[in-house]
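Q: Okay, here's the structure, questions in a sec.
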Amino acid sequence: MDVIENSGGGEMEENKIISGESLSVEKFKNTSREFGIMPFWFWNGQMDYKEMEYQLKEYYDKGIPGIFIHARFGIKNYMPYLSDEWFDRVKFTVKKAKEIGLQVWVYDEYNWPSGTAGQQVMAVDPELTERYLELVEMDIPGQFFTFLEGTDSRYVDMEQSEPVYACAILEEDLKNGVPKFIDLMPNLCFDKVIAWEAPKGPWKLFYFIERKASWYIDTLNEDSTKKFLELTHERYKKAMDNDFTGNIKGFYTDEPAMHYFEVGKDNYVIPWSKKIFELFKKDHGYDLKPHLPKLYYDLGGDTAQVRYDFWSTLTRQYEKAYFEQIKNWCHENGVIFTGHLLFEEWLRKHARASGNLFNYLKHLDVTGVDHLYPRIGTREMPDEHVALKVASSAAHQFGSTRLLCESLGGSYWDVTMERMKWIADWEYVLGVNLFNPHGFHYSIEGERKRDWPPSQFYHHTWWRHYGVFNDYIKRLSYMLSGGRHVAKIAVLYPINSIWTNYMPQSHTLIGDTIEADFNYLTDTLLRLHMDFDYIDEDVLKDAQVKDGNISICDESYSLLILPPVTHIKESTLDIMEKLYADGGCILADALLPHGCVEGEANGFTDRIKALFGVDPVLEQQRFVERLQDKYTIKANANDRNGKALFIEGPGLNANKPMELLDQAIRQCIQPDIEIDDPEIFYLHRVKDDKDFYFIVNPVEQGSDVSITIHAKGIPEIWDMETGDVSAMNCYKIEGDSIQFKLYMQPYGSALVSLAPYKGEVHAEHSDLVITSIDENKVQGYGRIKNDAHLVMVKDGQKKSITVPASDPLNPIEFGRTWEFAADGYNALLIDQWKVAVDKDNDGFNKGYGKGTFDDNNWMDFKMGAWEMQLPVEWDSKNYPVNLWYRTYFDVEQVPENINLLIDGFKGETYDIFINGRRVDGKPVRSWLDAEIGEIDIKDYLKEGKNTIAVRLLVSGKTDGILDLLKITGDFTLKSIEGGYAIGQTVSSISTGDWAEQGYPYFSGTGQYAQNIFIDESYIGNVLKLEIDCGTDLAELYVNDKRVGLRPWHPYEFDITPYVQAGWNKISLKVTNTLINVLEGVKKPSGIFDARIVPYNSYEVTL
């Protein structure tokens, strides 16, 4: 049980959100709520108490265990962040959540990244503002007098900076890596001026300056985090009357970094703080200042050591200043600490933004990671894998039972449950087991719908069915939490070699090779089905080596893989030597370490040479000189079967020799599992002494895969959708291995376990789908034209059986015409306006609101910020000002139910006129959103051309009508020249895209019905209804009985028990996404094809 001491010194009660739960079939079927998703609840609106209670109850209704309160864009329009009004709502949320049965957690920042308390830290104390060091270079021809002012940007950008150090070097010496510098600091004068009479050159002048990035804190300064805790966490504590027990469970920190200035690009900038020189000298015993150029240029000698020392000092200080302080505060106050880091995907950015990620992840009670966008790791984007594997490795090695992943941010408004499952499956197969959706918006009115969409909350068309997705995640999280991860391979995390080869302004050959090969190894090991963890050198130092294995926490690795590395610690070499001597294996790629950055350096290269039989210095020289173009596996071995292999060559990523890597690894270990499709990924865990294999197909093509597990037992399928557990009927036992086949659906997944084999009757091969086997018979079905072949095993004896084929019946095709009704409102969207600026506030008297007004000379606008669409600049002195918007639409027949949504009317006040009449009445809460209002406009419309005019008082350049104008109701749209006309609803629709049949902007559920005749000859066979509805959600009723719901592939229903001979009523409901109505995207939706496929039933006597 994971426990954290509370402020009173006692232990908190077990919380399954962090601890996991023991294995049972019953718990799998009826999984504890705590394993459900844990979303961000975006507080971005007026936070009305009644609406908040409604939304909390919606969370509970869908099986969600709790929420993270998260301040977002929009909240400041209603209340200051961390104000009394804010905490009134926090207390309300805690109280209602207790009553309802939800856990409350806190995201510790306004928007992101964490650390500033909504910019209050820097406002209170500007000295806590982030600092960075920038190198400013000048080319000095010499002999030449230089007068470099560090005050402005006339010649080079030196504004708002403080001098740190200045020196000069001959360009020839710089090119040759000769560190002969002239110290120019004695020449500093007039506060910030370097005055220097340069001798004959040419020269490079280096001026190192300190600057501030005003919007973030100095996370290397412990006082910054102290102030952050004071302004944020302590206020929550006060709001909870100094007792979090039963109130707030934990705090989430998001994307902090030790450096946040232009971190996404290469430049002459590195992290800095006020006391770096002091900290550096304390850590390493020498002055950093004269060595600063070595952080930017290769200057021979101790360059690598200086770089390592610099980045290690920053890493330790950042860890101490930020993560240790927050962890200690959380533990002292009995709450859980979780969150994730910045730039988790790329080694080069690890160095720049954070240093060493493992140093910080070890302080989280629940390890966390981030994954954005609707994409996953691929051969082309292996870095996406890296982020997940760093985090899961840390969780395994530091004992975090759960691994949280912030997911789905930026997954677009067309997100389907299949897309959500696809992303979740990939995250989970890499070790995640706590799903943290980003995010659930309190409101999506106006520009808030563009705050990292989508909102996956009550707004969504499929929200009523969200519990289906949550149940899937809940079962998967339960099964993959607790127990232990199984992997035989550890891959060295090469951050120390990244540091020693790092230059912030440009890439290097060796640095790029390290990262490229590290990424290639990551992706390829997954495709070879050889699971692994990364291992940091400090973690490795504390490992135990026994019986040829490296043991850390619950992990045991028998093969250590080194990506290309140039420098390691002596402690790492110690472990490598012990592992080799004890019968374990080491595999190195392209570059061997030749430098020791910590420990005894004397004799280091000789020890590497003795271990691998290869000279590491010579290998690097040959690599840099591009003398390696072929791959050779060089191997050392000892009498205990220890092996040290080196793949000599240009680096694995250069030519991607997958088979060679597979060959090298198989000299060292036998994989747990073998799968014949490299697109398939797997995860092996042991839970309560039972082996589980989570198998995932992350691509859109289905696949018949053959699987061999090198263990005894018979395969069972644990169905995450239904909670059912069933033994497979068809498998082959080969010695101590089990072989079987699975059809992996597009974006499909399967959870397989091994149960003890007790001599059960089973099939080794079958051309039929077997539904049941007992001692006497086999039952199954299939569509076969040729005789089926079965190989049965009974009492240890094999028997081949031929099953005569029955001619398969023809599929039953549906008619092209369906009864149809829209469950939800159709929409007409308008994005074309005529706009005038009413400086004199006389627009009403001039008739701007009248339907007959001539606006031909007005400006043409689209939705969006008004001032940004002006042809000339606007004087801000003229705010506030009235704008008039006018547009037109056609109505063929006025519907009984038609409304105008008030969405994105950003301004102080507005009036709406339809056909010259002012629209009276206050908007009410719409069907779409808590703060998108709707107004009934039926009585204002007429048949023919209709005019809408809007007067909007704006007070800023980003005001205006920011969204598509939405007219919603019960109608269809009929194509006319230039757009659509509103017409009466239809009662039937054809197979195909409903967007082309009057519903181009409809987001909701289309209800289809059709009567279909089933002949008597079909009854008694297996009947499956197959539907093509894209990747939307389908729900089926047959003869008014619910058959089921398909939120993802396969879009197939077994209707055998629901049909009868004769006429049958088939009702299908298809639910699409919000992108049609919110973005005006005519995404194809509906039933594109449907048919009933009969499968002949077979029974075979044994």
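Note on naming: chains are A, B, ... as they come in the structure tokens, residues start from 1 per chain, ligands start from 1 in the order shown.
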Would you mind listing what lies within 9 Å of segment 956-958 of chain A as a list in words, with only C-alpha atoms counted and same-chain residues fewer than 5 positions away left out?
A: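 So the residues in contact are Gly864, Ala865, Trp866, Glu867, Met868, Trp874, Ser876, Tyr879, Pro880, Lys906 and Gly907 of chain A.
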Q: Could those selected residues go to a file with C-alpha atoms, as a PDB file, in the first residue's frame?
A:
ATOM      1  CA  GLY A 864     -12.546  36.596 -35.653  1.00  0.00           C
ATOM      2  CA  ALA A 865     -10.842  39.535 -34.012  1.00  0.00           C
ATOM      3  CA  TRP A 866     -12.306  42.642 -35.610  1.00  0.00           C
ATOM      4  CA  GLU A 867      -9.329  45.017 -35.582  1.00  0.00           C
ATOM      5  CA  MET A 868      -7.056  42.418 -37.164  1.00  0.00           C
ATOM      6  CA  TRP A 874      -7.064  51.593 -35.488  1.00  0.00           C
ATOM      7  CA  SER A 876      -6.872  52.585 -29.426  1.00  0.00           C
ATOM      8  CA  TYR A 879     -12.337  52.497 -27.754  1.00  0.00           C
ATOM      9  CA  PRO A 880     -14.992  51.531 -26.910  1.00  0.00           C
ATOM     10  CA  LYS A 906     -17.086  39.291 -27.581  1.00  0.00           C
ATOM     11  CA  GLY A 907     -17.802  42.814 -26.493  1.00  0.00           C
TER      12      GLY A 907
END
Q: Looking only at the backbone, which of the residues in segment 270-323 of chain A does DSSP tag as helix (DSSP H, G or I), as a PDB file with N, CA and C atoms, in the first residue's frame?
A:
ATOM      1  N   ILE A 276      25.043  30.746  -9.878  1.00  0.00           N
ATOM      2  CA  ILE A 276      25.599  29.607 -10.603  1.00  0.00           C
ATOM      3  C   ILE A 276      27.100  29.468 -10.362  1.00  0.00           C
ATOM      4  N   PHE A 277      27.829  30.579 -10.414  1.00  0.00           N
ATOM      5  CA  PHE A 277      29.276  30.475 -10.197  1.00  0.00           C
ATOM      6  C   PHE A 277      29.577  29.897  -8.817  1.00  0.00           C
ATOM      7  N   GLU A 278      28.850  30.347  -7.811  1.00  0.00           N
ATOM      8  CA  GLU A 278      29.060  29.855  -6.449  1.00  0.00           C
ATOM      9  C   GLU A 278      28.707  28.371  -6.334  1.00  0.00           C
ATOM     10  N   LEU A 279      27.575  27.999  -6.912  1.00  0.00           N
ATOM     11  CA  LEU A 279      27.157  26.598  -6.854  1.00  0.00           C
ATOM     12  C   LEU A 279      28.138  25.703  -7.598  1.00  0.00           C
ATOM     13  N   PHE A 280      28.580  26.166  -8.753  1.00  0.00           N
ATOM     14  CA  PHE A 280      29.503  25.384  -9.569  1.00  0.00           C
ATOM     15  C   PHE A 280      30.813  25.135  -8.817  1.00  0.00           C
ATOM     16  N   LYS A 281      31.366  26.182  -8.234  1.00  0.00           N
ATOM     17  CA  LYS A 281      32.642  26.009  -7.528  1.00  0.00           C
ATOM     18  C   LYS A 281      32.489  25.107  -6.315  1.00  0.00           C
ATOM     19  N   LYS A 282      31.354  25.213  -5.648  1.00  0.00           N
ATOM     20  CA  LYS A 282      31.105  24.333  -4.498  1.00  0.00           C
ATOM     21  C   LYS A 282      31.041  22.878  -4.928  1.00  0.00           C
ATOM     22  N   ASP A 283      30.423  22.628  -6.088  1.00  0.00           N
ATOM     23  CA  ASP A 283      30.281  21.250  -6.582  1.00  0.00           C
ATOM     24  C   ASP A 283      31.584  20.686  -7.123  1.00  0.00           C
ATOM     25  N   HIS A 284      32.386  21.532  -7.810  1.00  0.00           N
ATOM     26  CA  HIS A 284      33.478  20.987  -8.610  1.00  0.00           C
ATOM     27  C   HIS A 284      34.858  21.538  -8.260  1.00  0.00           C
ATOM     28  N   LYS A 289      33.841  30.639 -14.700  1.00  0.00           N
ATOM     29  CA  LYS A 289      33.831  31.822 -15.557  1.00  0.00           C
ATOM     30  C   LYS A 289      34.790  31.722 -16.748  1.00  0.00           C
ATOM     31  N   PRO A 290      36.071  31.405 -16.538  1.00  0.00           N
ATOM     32  CA  PRO A 290      36.955  31.361 -17.717  1.00  0.00           C
ATOM     33  C   PRO A 290      36.678  30.198 -18.657  1.00  0.00           C
ATOM     34  N   HIS A 291      35.822  29.266 -18.225  1.00  0.00           N
ATOM     35  CA  HIS A 291      35.500  28.097 -19.049  1.00  0.00           C
ATOM     36  C   HIS A 291      34.177  28.256 -19.792  1.00  0.00           C
ATOM     37  N   LEU A 292      33.513  29.397 -19.646  1.00  0.00           N
ATOM     38  CA  LEU A 292      32.208  29.565 -20.286  1.00  0.00           C
ATOM     39  C   LEU A 292      32.232  29.310 -21.794  1.00  0.00           C
ATOM     40  N   PRO A 293      33.270  29.711 -22.529  1.00  0.00           N
ATOM     41  CA  PRO A 293      33.254  29.431 -23.979  1.00  0.00           C
ATOM     42  C   PRO A 293      33.140  27.947 -24.313  1.00  0.00           C
ATOM     43  N   LYS A 294      33.595  27.072 -23.419  1.00  0.00           N
ATOM     44  CA  LYS A 294      33.546  25.632 -23.696  1.00  0.00           C
ATOM     45  C   LYS A 294      32.125  25.088 -23.691  1.00  0.00           C
ATOM     46  N   LEU A 295      31.202  25.854 -23.140  1.00  0.00           N
ATOM     47  CA  LEU A 295      29.793  25.437 -23.202  1.00  0.00           C
ATOM     48  C   LEU A 295      29.210  25.645 -24.598  1.00  0.00           C
ATOM     49  N   THR A 303      36.974  20.194 -22.176  1.00  0.00           N
ATOM     50  CA  THR A 303      35.681  20.716 -22.640  1.00  0.00           C
ATOM     51  C   THR A 303      34.529  19.821 -22.210  1.00  0.00           C
ATOM     52  N   ALA A 304      34.649  18.520 -22.457  1.00  0.00           N
ATOM     53  CA  ALA A 304      33.570  17.596 -22.104  1.00  0.00           C
ATOM     54  C   ALA A 304      33.314  17.611 -20.602  1.00  0.00           C
ATOM     55  N   GLN A 305      34.375  17.666 -19.801  1.00  0.00           N
ATOM     56  CA  GLN A 305      34.212  17.662 -18.351  1.00  0.00           C
ATOM     57  C   GLN A 305      33.530  18.932 -17.866  1.00  0.00           C
ATOM     58  N   VAL A 306      33.911  20.068 -18.430  1.00  0.00           N
ATOM     59  CA  VAL A 306      33.273  21.340 -18.044  1.00  0.00           C
ATOM     60  C   VAL A 306      31.782  21.287 -18.351  1.00  0.00           C
ATOM     61  N   ARG A 307      31.444  20.779 -19.522  1.00  0.00           N
ATOM     62  CA  ARG A 307      30.028  20.695 -19.889  1.00  0.00           C
ATOM     63  C   ARG A 307      29.277  19.769 -18.944  1.00  0.00           C
ATOM     64  N   TYR A 308      29.849  18.632 -18.670  1.00  0.00           N
ATOM     65  CA  TYR A 308      29.189  17.711 -17.731  1.00  0.00           C
ATOM     66  C   TYR A 308      29.017  18.380 -16.372  1.00  0.00           C
ATOM     67  N   ASP A 309      30.058  19.013 -15.895  1.00  0.00           N
ATOM     68  CA  ASP A 309      29.986  19.653 -14.579  1.00  0.00           C
ATOM     69  C   ASP A 309      28.917  20.740 -14.555  1.00  0.00           C
ATOM     70  N   PHE A 310      28.844  21.525 -15.623  1.00  0.00           N
ATOM     71  CA  PHE A 310      27.852  22.602 -15.675  1.00  0.00           C
ATOM     72  C   PHE A 310      26.427  22.045 -15.627  1.00  0.00           C
ATOM     73  N   TRP A 311      26.121  21.102 -16.510  1.00  0.00           N
ATOM     74  CA  TRP A 311      24.754  20.600 -16.589  1.00  0.00           C
ATOM     75  C   TRP A 311      24.389  19.760 -15.364  1.00  0.00           C
ATOM     76  N   SER A 312      25.351  19.103 -14.771  1.00  0.00           N
ATOM     77  CA  SER A 312      25.041  18.334 -13.553  1.00  0.00           C
ATOM     78  C   SER A 312      24.755  19.267 -12.384  1.00  0.00           C
ATOM     79  N   THR A 313      25.466  20.397 -12.315  1.00  0.00           N
ATOM     80  CA  THR A 313      25.177  21.382 -11.260  1.00  0.00           C
ATOM     81  C   THR A 313      23.776  21.949 -11.437  1.00  0.00           C
ATOM     82  N   LEU A 314      23.423  22.324 -12.652  1.00  0.00           N
ATOM     83  CA  LEU A 314      22.084  22.848 -12.899  1.00  0.00           C
ATOM     84  C   LEU A 314      21.012  21.811 -12.551  1.00  0.00           C
ATOM     85  N   THR A 315      21.251  20.576 -12.936  1.00  0.00           N
ATOM     86  CA  THR A 315      20.262  19.525 -12.666  1.00  0.00           C
ATOM     87  C   THR A 315      20.047  19.333 -11.176  1.00  0.00           C
ATOM     88  N   ARG A 316      21.135  19.240 -10.435  1.00  0.00           N
ATOM     89  CA  ARG A 316      20.998  19.039  -8.988  1.00  0.00           C
ATOM     90  C   ARG A 316      20.322  20.229  -8.323  1.00  0.00           C
ATOM     91  N   GLN A 317      20.654  21.433  -8.786  1.00  0.00           N
ATOM     92  CA  GLN A 317      20.056  22.616  -8.175  1.00  0.00           C
ATOM     93  C   GLN A 317      18.571  22.712  -8.489  1.00  0.00           C
ATOM     94  N   TYR A 318      18.197  22.439  -9.731  1.00  0.00           N
ATOM     95  CA  TYR A 318      16.782  22.461 -10.121  1.00  0.00           C
ATOM     96  C   TYR A 318      15.999  21.418  -9.328  1.00  0.00           C
ATOM     97  N   GLU A 319      16.558  20.243  -9.208  1.00  0.00           N
ATOM     98  CA  GLU A 319      15.914  19.177  -8.422  1.00  0.00           C
ATOM     99  C   GLU A 319      15.680  19.633  -6.983  1.00  0.00           C
ATOM    100  N   LYS A 320      16.712  20.208  -6.384  1.00  0.00           N
ATOM    101  CA  LYS A 320      16.624  20.644  -4.989  1.00  0.00           C
ATOM    102  C   LYS A 320      15.670  21.818  -4.825  1.00  0.00           C
ATOM    103  N   ALA A 321      15.775  22.792  -5.743  1.00  0.00           N
ATOM    104  CA  ALA A 321      15.017  24.035  -5.599  1.00  0.00           C
ATOM    105  C   ALA A 321      13.538  23.843  -5.854  1.00  0.00           C
ATOM    106  N   TYR A 322      13.180  23.006  -6.824  1.00  0.00           N
ATOM    107  CA  TYR A 322      11.771  22.885  -7.208  1.00  0.00           C
ATOM    108  C   TYR A 322      11.152  21.584  -6.701  1.00  0.00           C
ATOM    109  N   PHE A 323      11.618  20.463  -7.182  1.00  0.00           N
ATOM    110  CA  PHE A 323      10.913  19.196  -6.933  1.00  0.00           C
ATOM    111  C   PHE A 323      11.005  18.745  -5.479  1.00  0.00           C
TER     112      PHE A 323
END
Q: Within 10 Å of Lys541 of chain A, counting only C-alpha atoms, which residues qualify if same-chain residues fewer than 5 places away don't, as a PyMOL selection string?
A: chain A and resi 535-536+569-575
Q: Measuring between only C-alpha atoms, which one of A:Asp218, A:Asp767, A:Glu1079, A:Glu577 shows the shortest distance to Phe612 of chain A?
A: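 With only C-alpha atoms as the atom set, the closest residue is A:Glu577.
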Q: Mind giving me the straight-line distance from atom CA of Asp615 of chain A to atom CA of Ala543 of chain A in Å, one decimal?
A: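 Between atom CA of Asp615 of chain A and atom CA of Ala543 of chain A the gap works out to 27.1 Å.
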Q: Can you tell me which residues surround Lys741 of chain A at a distance of at most 7 Å, considering only C-alpha atoms, apart from same-chain residues fewer than 2 positions away, and format the answer as a list in words?
A: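 These residues fall inside the cut-off: Asp704, Val705, Ser706, Ile707 and Tyr743 of chain A.
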Q: Could you write out that same residue set with N, CA and C atoms as a CSV table (one decimal), in the first residue's frame?
A:
chain,number,residue,atom,x,y,z
A,704,ASP,N,-3.9,-10.6,-39.0
A,704,ASP,CA,-3.9,-11.9,-38.4
A,704,ASP,C,-2.5,-12.2,-37.9
A,705,VAL,N,-2.3,-12.3,-36.6
A,705,VAL,CA,-1.0,-12.4,-36.1
A,705,VAL,C,-0.8,-13.8,-35.4
A,706,SER,N,0.4,-14.3,-35.6
A,706,SER,CA,0.8,-15.6,-34.9
A,706,SER,C,1.6,-15.2,-33.7
A,707,ILE,N,1.3,-15.7,-32.6
A,707,ILE,CA,2.0,-15.4,-31.3
A,707,ILE,C,2.5,-16.6,-30.6
A,743,TYR,N,-6.8,-12.3,-34.4
A,743,TYR,CA,-7.0,-11.3,-35.4
A,743,TYR,C,-7.1,-10.0,-34.7
Q: Given the choices A:His710, A:Arg154, A:Lys942, A:His259, which gets closest to Ala351 of chain A if the distance is worked out from only C-alpha atoms?
A: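 Using only C-alpha atoms, the shortest distance to Ala351 of chain A belongs to A:His259.
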Q: Near Asn641 of chain A, counting only C-alpha atoms, which residues have an atom at most 12 Å away, once you skip same-chain residues fewer than 4 positions from it, shown as a compact mmCIF listing (two decimals) with N, CA and C atoms, in the first residue's frame?
A:
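Output below, filename part37.txt:
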# COMPACT_ATOMS: atom_id res chain seq x y z
N ASP A 547 23.43 -13.24 -10.52
CA ASP A 547 23.03 -14.28 -11.48
C ASP A 547 22.87 -13.74 -12.90
N GLY A 548 23.77 -12.83 -13.27
CA GLY A 548 23.74 -12.30 -14.63
C GLY A 548 22.63 -11.30 -14.90
N SER A 558 18.77 -8.68 -17.99
CA SER A 558 19.94 -9.50 -18.26
C SER A 558 20.77 -8.98 -19.43
N LEU A 579 28.38 -7.19 -14.41
CA LEU A 579 27.37 -7.91 -15.18
C LEU A 579 28.03 -8.90 -16.12
N TYR A 580 29.06 -8.48 -16.82
CA TYR A 580 29.77 -9.36 -17.75
C TYR A 580 30.38 -10.54 -17.01
N ALA A 581 31.02 -10.24 -15.89
CA ALA A 581 31.68 -11.30 -15.12
C ALA A 581 30.68 -12.29 -14.55
N ASP A 582 29.45 -11.82 -14.30
CA ASP A 582 28.43 -12.66 -13.67
C ASP A 582 27.56 -13.39 -14.69
N GLY A 583 27.91 -13.29 -15.97
CA GLY A 583 27.15 -14.02 -16.98
C GLY A 583 26.09 -13.21 -17.68
N GLY A 584 26.05 -11.91 -17.44
CA GLY A 584 25.11 -11.06 -18.14
C GLY A 584 25.70 -10.55 -19.44
N CYS A 585 24.91 -9.73 -20.15
CA CYS A 585 25.32 -9.31 -21.49
C CYS A 585 25.24 -7.79 -21.65
N ILE A 586 26.13 -7.29 -22.49
CA ILE A 586 26.18 -5.87 -22.82
C ILE A 586 26.27 -5.77 -24.34
N ALA A 635 32.53 -9.39 -30.66
CA ALA A 635 32.04 -9.97 -29.42
C ALA A 635 33.18 -10.46 -28.54
N ASN A 636 33.04 -10.19 -27.26
CA ASN A 636 33.85 -10.81 -26.21
C ASN A 636 32.95 -11.73 -25.41
N ALA A 637 33.47 -12.82 -24.91
CA ALA A 637 32.69 -13.74 -24.08
C ALA A 637 33.59 -14.33 -23.01
N GLN A 667 21.73 -13.30 -29.48
CA GLN A 667 22.94 -13.93 -28.93
C GLN A 667 22.98 -13.80 -27.41
N CYS A 668 22.14 -12.90 -26.89
CA CYS A 668 22.19 -12.58 -25.46
C CYS A 668 20.97 -13.08 -24.70
N ILE A 669 19.78 -12.95 -25.28
CA ILE A 669 18.55 -13.30 -24.57
C ILE A 669 17.57 -13.96 -25.52
Q: Could you state the separation of atom CA of Leu170 of chain A and atom CA of Asn187 of chain A in Å, given to one decimal place?
A: 17.8 Å
Q: Could you check which of A:Asn333, A:Ile495, A:Val881, A:Thr947 is closest to Asp855 of chain A, using only C-alpha atoms?
A: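 Selected residue with least distance to Asp855 of chain A: A:Thr947.
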Q: Using atom CA of Pro382 of chain A and atom CA of Glu515 of chain A as the two end points, give the distance in Å to one decimal.
A: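 Value for the atom CA of Pro382 of chain A-atom CA of Glu515 of chain A distance: 10.5 Å.
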